[in-house]
Structures are given as C-alpha cells and as structure tokens.
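Q: Supplied in structure tokens, the structure appears directly below.
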Amino acid sequence: MWFSVDAGPESPEVELGAAGWMSGAVAGRGAVSLPRTGGARRQDILDGARILVVEDEFLVAALLEDVLRSFGCDVVGPAATVEEALALLDTQEIDAAVLDVNIAGTPVFPVADALTERDLPLVFATAYGAAGVAQRHSGRAVLDKPYHARALEHALRSALQTRRRP
C-alpha cells in the first residue's frame with residue numbers, strides 16, 4: 001500500500017509505503033512541509049475545516065496530517081482504531097472525515113455510519129477500490145491508494161460543498 005503526494009511541479013513527490021519507508025527528495029528529513037495549493041482564496045471551504053483522520057498506519061497518518069494542514073484544514077486525530085474514531089466523533093467538532101477502510105483488520109464502517117447519521121461528509125481511502133466499500137456507502141468518494149494530494153483536495157472540496165447545512 002502506498003500514499004503518494006505530488007504537491008505541484010516545484011515540489012518533490014513523496015511516497016509513503018505501508019512498510020514504513022519514505023522515498024523521494026524528502027526521505028530522512030522528518031515532517032514533510034507542503035505548500036498550500038491554488039494560491040490565496042477568499043473563504044476557502046478547506047480553511048479551518050476540521051477533518052477527522054482514521055488511519056492505522058502511523059507514517060501514512062502523519063503524512064496525511066501534513067497534507068491536510070497544507071490545505072488549511074485542522075486535523076482531528078488521527079484515530080488508529082474504530083473505537084478511537086467513534087470517541088473523537090462524540091467529543092470533537094468535525095466537518096468531514098478521511099477514512100481508511102481497513103483499520104488494523106477491522107472495517108471502518110461503524111465510523112462511516114456514525115458520520116452519515118450526523119450528515120457529515122466523508123472520503124474513503126483504500127487499496128481495495130470501490131469494491132472494498134460497503135454497499136450502504138457506495139455513493140461516497142473513494143480514493144484508491146496510492147493517491148495524490150490533488151485527488152484528496154478535490155474529494156474533500158466536493159464532499160464539503162455537498163454537505164447539508166442545518
């Protein structure tokens with residue numbers, strides 16, 4: 001399983017594998033700092049969006065946090081188990097979520113169900129593709145691992161724009 005980040009033509013491509021090693025121009029440098037994409041925007045939907053991250057691979061979660069912060073998002077979590085994710089959902093204000101489908105061998109669908117009950121948007125990230133998503137969530141965005149930062153940004157923007165407001 002890989003997580004790829006392509007932050008633009010002037011930024012290095014970063015790949016993070018499930019085996020826990022980094023490649024590319026940033027290998028060995030610690031945290032990856034990525035530029036914000038798209039330049040200055042007025043009232044960007046991602047600015048300050050509170051995104052729950054549910055990912056059991058520590059390095060993938062850390063890289064995902066950096067990417068989300070580069071978009072202007074506030075990261076909630078990451079949660080490495082379904083139980084942690086449900087606890088964060090009950091105690092934190094959340095605007096959307098990025099969910100790995102398989103969390104330490106446990107399907108993430110109880111978290112997806114809880115988000116759906118609250119009318120909160122979510123994006124699945126999985127190496128299994130759309131076939132790995134439960135039928136009841138088949139209409140949700142699915143990012144196939146590996147994916148690029150731009151694909152994540154697009155999926156989150158789309159999900160947040162379609163969110164039903166109270």
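Naming scheme: A, B, ... for chains in displayed order of the structure tokens; residues 1 onward per chain; ligands 1 onward as shown.
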Within 8 Å of stretch 74-85 of chain A, counting only C-alpha atoms, which residues show up once you throw out same-chain ones fewer than 5 positions away? Write them as a list in words, please.
A: Gly48, Ala49, Arg50, Ile51, Leu52, Val53, Val54, Glu55, Asp56, Glu57, Phe58, Ala61, Glu65, Leu68, Arg69, Gln92, Ile94, Ile103, Ala104, Thr106, Val108, Pro110 and Val111 of chain A
Q: Those same residues - N, CA and C atoms - I'd like them written as a PDB file, in the first residue's frame.
A:
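Everything below was put into again.pdb:
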```pdb
ATOM      1  N   GLY A  48      -9.712  25.968   7.813  1.00  0.00           N
ATOM      2  CA  GLY A  48     -10.305  25.733   9.125  1.00  0.00           C
ATOM      3  C   GLY A  48     -11.249  24.551   9.191  1.00  0.00           C
ATOM      4  N   ALA A  49     -11.414  23.816   8.071  1.00  0.00           N
ATOM      5  CA  ALA A  49     -12.279  22.629   8.101  1.00  0.00           C
ATOM      6  C   ALA A  49     -11.656  21.596   9.036  1.00  0.00           C
ATOM      7  N   ARG A  50     -12.458  21.071   9.938  1.00  0.00           N
ATOM      8  CA  ARG A  50     -11.996  20.089  10.917  1.00  0.00           C
ATOM      9  C   ARG A  50     -12.195  18.694  10.328  1.00  0.00           C
ATOM     10  N   ILE A  51     -11.078  18.051   9.981  1.00  0.00           N
ATOM     11  CA  ILE A  51     -11.110  16.776   9.274  1.00  0.00           C
ATOM     12  C   ILE A  51     -10.651  15.661  10.210  1.00  0.00           C
ATOM     13  N   LEU A  52     -11.539  14.710  10.461  1.00  0.00           N
ATOM     14  CA  LEU A  52     -11.206  13.520  11.224  1.00  0.00           C
ATOM     15  C   LEU A  52     -10.409  12.580  10.336  1.00  0.00           C
ATOM     16  N   VAL A  53      -9.252  12.147  10.825  1.00  0.00           N
ATOM     17  CA  VAL A  53      -8.414  11.197  10.096  1.00  0.00           C
ATOM     18  C   VAL A  53      -8.471   9.864  10.833  1.00  0.00           C
ATOM     19  N   VAL A  54      -8.863   8.824  10.110  1.00  0.00           N
ATOM     20  CA  VAL A  54      -8.893   7.469  10.666  1.00  0.00           C
ATOM     21  C   VAL A  54      -7.967   6.623   9.793  1.00  0.00           C
ATOM     22  N   GLU A  55      -6.792   6.344  10.349  1.00  0.00           N
ATOM     23  CA  GLU A  55      -5.737   5.632   9.623  1.00  0.00           C
ATOM     24  C   GLU A  55      -4.870   4.912  10.645  1.00  0.00           C
ATOM     25  N   ASP A  56      -4.667   3.607  10.454  1.00  0.00           N
ATOM     26  CA  ASP A  56      -3.905   2.832  11.425  1.00  0.00           C
ATOM     27  C   ASP A  56      -2.409   2.788  11.146  1.00  0.00           C
ATOM     28  N   GLU A  57      -1.973   3.149   9.972  1.00  0.00           N
ATOM     29  CA  GLU A  57      -0.542   3.182   9.649  1.00  0.00           C
ATOM     30  C   GLU A  57       0.014   4.532  10.084  1.00  0.00           C
ATOM     31  N   PHE A  58       0.878   4.536  11.112  1.00  0.00           N
ATOM     32  CA  PHE A  58       1.362   5.775  11.714  1.00  0.00           C
ATOM     33  C   PHE A  58       1.963   6.735  10.690  1.00  0.00           C
ATOM     34  N   ALA A  61      -0.610   8.191   8.364  1.00  0.00           N
ATOM     35  CA  ALA A  61      -1.418   9.175   9.089  1.00  0.00           C
ATOM     36  C   ALA A  61      -0.656  10.484   9.257  1.00  0.00           C
ATOM     37  N   GLU A  65      -1.763  14.035   7.716  1.00  0.00           N
ATOM     38  CA  GLU A  65      -1.920  15.239   8.550  1.00  0.00           C
ATOM     39  C   GLU A  65      -1.218  16.432   7.916  1.00  0.00           C
ATOM     40  N   LEU A  68      -3.170  17.604   4.818  1.00  0.00           N
ATOM     41  CA  LEU A  68      -4.397  18.312   5.196  1.00  0.00           C
ATOM     42  C   LEU A  68      -4.086  19.700   5.746  1.00  0.00           C
ATOM     43  N   ARG A  69      -3.051  19.809   6.543  1.00  0.00           N
ATOM     44  CA  ARG A  69      -2.663  21.127   7.073  1.00  0.00           C
ATOM     45  C   ARG A  69      -2.216  22.054   5.949  1.00  0.00           C
ATOM     46  N   GLN A  92     -15.462  15.717  19.669  1.00  0.00           N
ATOM     47  CA  GLN A  92     -14.869  16.787  18.875  1.00  0.00           C
ATOM     48  C   GLN A  92     -15.849  17.281  17.817  1.00  0.00           C
ATOM     49  N   ILE A  94     -16.496  18.121  14.140  1.00  0.00           N
ATOM     50  CA  ILE A  94     -15.914  17.601  12.903  1.00  0.00           C
ATOM     51  C   ILE A  94     -16.736  18.089  11.722  1.00  0.00           C
ATOM     52  N   ILE A 103      -8.997  -0.800   9.227  1.00  0.00           N
ATOM     53  CA  ILE A 103      -8.267  -0.266  10.373  1.00  0.00           C
ATOM     54  C   ILE A 103      -7.824  -1.437  11.255  1.00  0.00           C
ATOM     55  N   ALA A 104      -6.560  -1.797  11.119  1.00  0.00           N
ATOM     56  CA  ALA A 104      -5.993  -2.908  11.896  1.00  0.00           C
ATOM     57  C   ALA A 104      -6.854  -4.169  11.781  1.00  0.00           C
ATOM     58  N   THR A 106     -10.017  -4.313  11.052  1.00  0.00           N
ATOM     59  CA  THR A 106     -11.423  -4.054  11.362  1.00  0.00           C
ATOM     60  C   THR A 106     -12.007  -3.089  10.336  1.00  0.00           C
ATOM     61  N   VAL A 108     -13.984  -0.048   8.836  1.00  0.00           N
ATOM     62  CA  VAL A 108     -14.231   1.275   9.403  1.00  0.00           C
ATOM     63  C   VAL A 108     -15.707   1.695   9.306  1.00  0.00           C
ATOM     64  N   PRO A 110     -18.517   1.248  10.966  1.00  0.00           N
ATOM     65  CA  PRO A 110     -19.245   1.865  12.085  1.00  0.00           C
ATOM     66  C   PRO A 110     -18.981   3.376  12.195  1.00  0.00           C
ATOM     67  N   VAL A 111     -17.761   3.794  11.855  1.00  0.00           N
ATOM     68  CA  VAL A 111     -17.444   5.224  11.865  1.00  0.00           C
ATOM     69  C   VAL A 111     -18.173   5.910  10.713  1.00  0.00           C
TER      70      VAL A 111
END
```
Q: Listing only residues of stretch 60-112 of chain A within 9 Å of stretch 137-149 of chain A, what is the closest atom pair and its distance in Å (to one decimal) for each, using only C-alpha atoms, sorted by chain and residue number ascending, as CSV?
A:
```
residue,atom,partner,partner_atom,distance
A:Leu64,CA,A:Ala149,CA,8.8
A:Val67,CA,A:Ala149,CA,6.8
A:Leu68,CA,A:Ala149,CA,8.7
A:Phe109,CA,A:His137,CA,8.5
A:Ala112,CA,A:His137,CA,7.8
```
Q: Please list as an mmCIF file with N, CA and C atoms, in the first residue's frame every residue within 8 Å of A:Val101, counting only C-alpha atoms and excluding residues in the same chain fewer than 4 positions away.
A:
```
data_model
loop_
_atom_site.group_PDB
_atom_site.id
_atom_site.type_symbol
_atom_site.label_atom_id
_atom_site.label_comp_id
_atom_site.auth_asym_id
_atom_site.auth_seq_id
_atom_site.Cartn_x
_atom_site.Cartn_y
_atom_site.Cartn_z
ATOM 1 N N PRO A 107 -13.152 -3.401 9.749
ATOM 2 C CA PRO A 107 -13.782 -2.463 8.817
ATOM 3 C C PRO A 107 -14.164 -1.161 9.530
ATOM 4 N N VAL A 108 -13.984 -0.048 8.836
ATOM 5 C CA VAL A 108 -14.231 1.275 9.403
ATOM 6 C C VAL A 108 -15.707 1.695 9.306
ATOM 7 N N PHE A 109 -16.561 0.827 8.830
ATOM 8 C CA PHE A 109 -17.945 1.218 8.531
ATOM 9 C C PHE A 109 -18.769 1.685 9.724
ATOM 10 N N PHE A 124 -13.459 7.886 1.604
ATOM 11 C CA PHE A 124 -12.766 6.641 1.897
ATOM 12 C C PHE A 124 -11.422 6.633 1.178
ATOM 13 N N ALA A 125 -10.407 6.116 1.828
ATOM 14 C CA ALA A 125 -9.089 5.912 1.229
ATOM 15 C C ALA A 125 -8.770 4.442 1.395
ATOM 16 N N THR A 126 -8.535 3.761 0.294
ATOM 17 C CA THR A 126 -8.375 2.318 0.387
ATOM 18 C C THR A 126 -7.563 1.754 -0.775
ATOM 19 N N GLY A 132 -14.214 -2.384 -2.133
ATOM 20 C CA GLY A 132 -13.977 -2.595 -0.716
ATOM 21 C C GLY A 132 -14.892 -1.796 0.192
ATOM 22 N N VAL A 133 -15.771 -0.994 -0.389
ATOM 23 C CA VAL A 133 -16.673 -0.143 0.396
ATOM 24 C C VAL A 133 -18.031 -0.827 0.517
#
```
Q: Can you pull out the residues contacting A:Gln161? Cut-off 12 Å, using only C-alpha atoms, and skip same-chain residues under 2 positions away; I want them as number ranges by chain.
A: A: 44-46, 49, 95-96, 120-122, 154-159, 163-165
Q: Please measure the separation of atom CA of A:Asp113 and atom CA of A:Ser70, giving the value in Å to one decimal.
A: 28.0 Å
Q: What gap, in Å, lies between atom CA of A:Asp47 and atom CA of A:Leu88?
A: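 Atom CA of A:Leu88 lies 20.5 Å from atom CA of A:Asp47.
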Q: So how far away is atom CA of A:Leu89 from atom CA of A:Ala114, in Å?
A: 8.1 Å
Q: Measuring between only C-alpha atoms, which one of A:Gln43, A:Thr162, A:Asn102, A:Thr91 shows the shortest distance to A:Gly129?
A: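 Ranked by minimum distance to A:Gly129, first place goes to A:Asn102.
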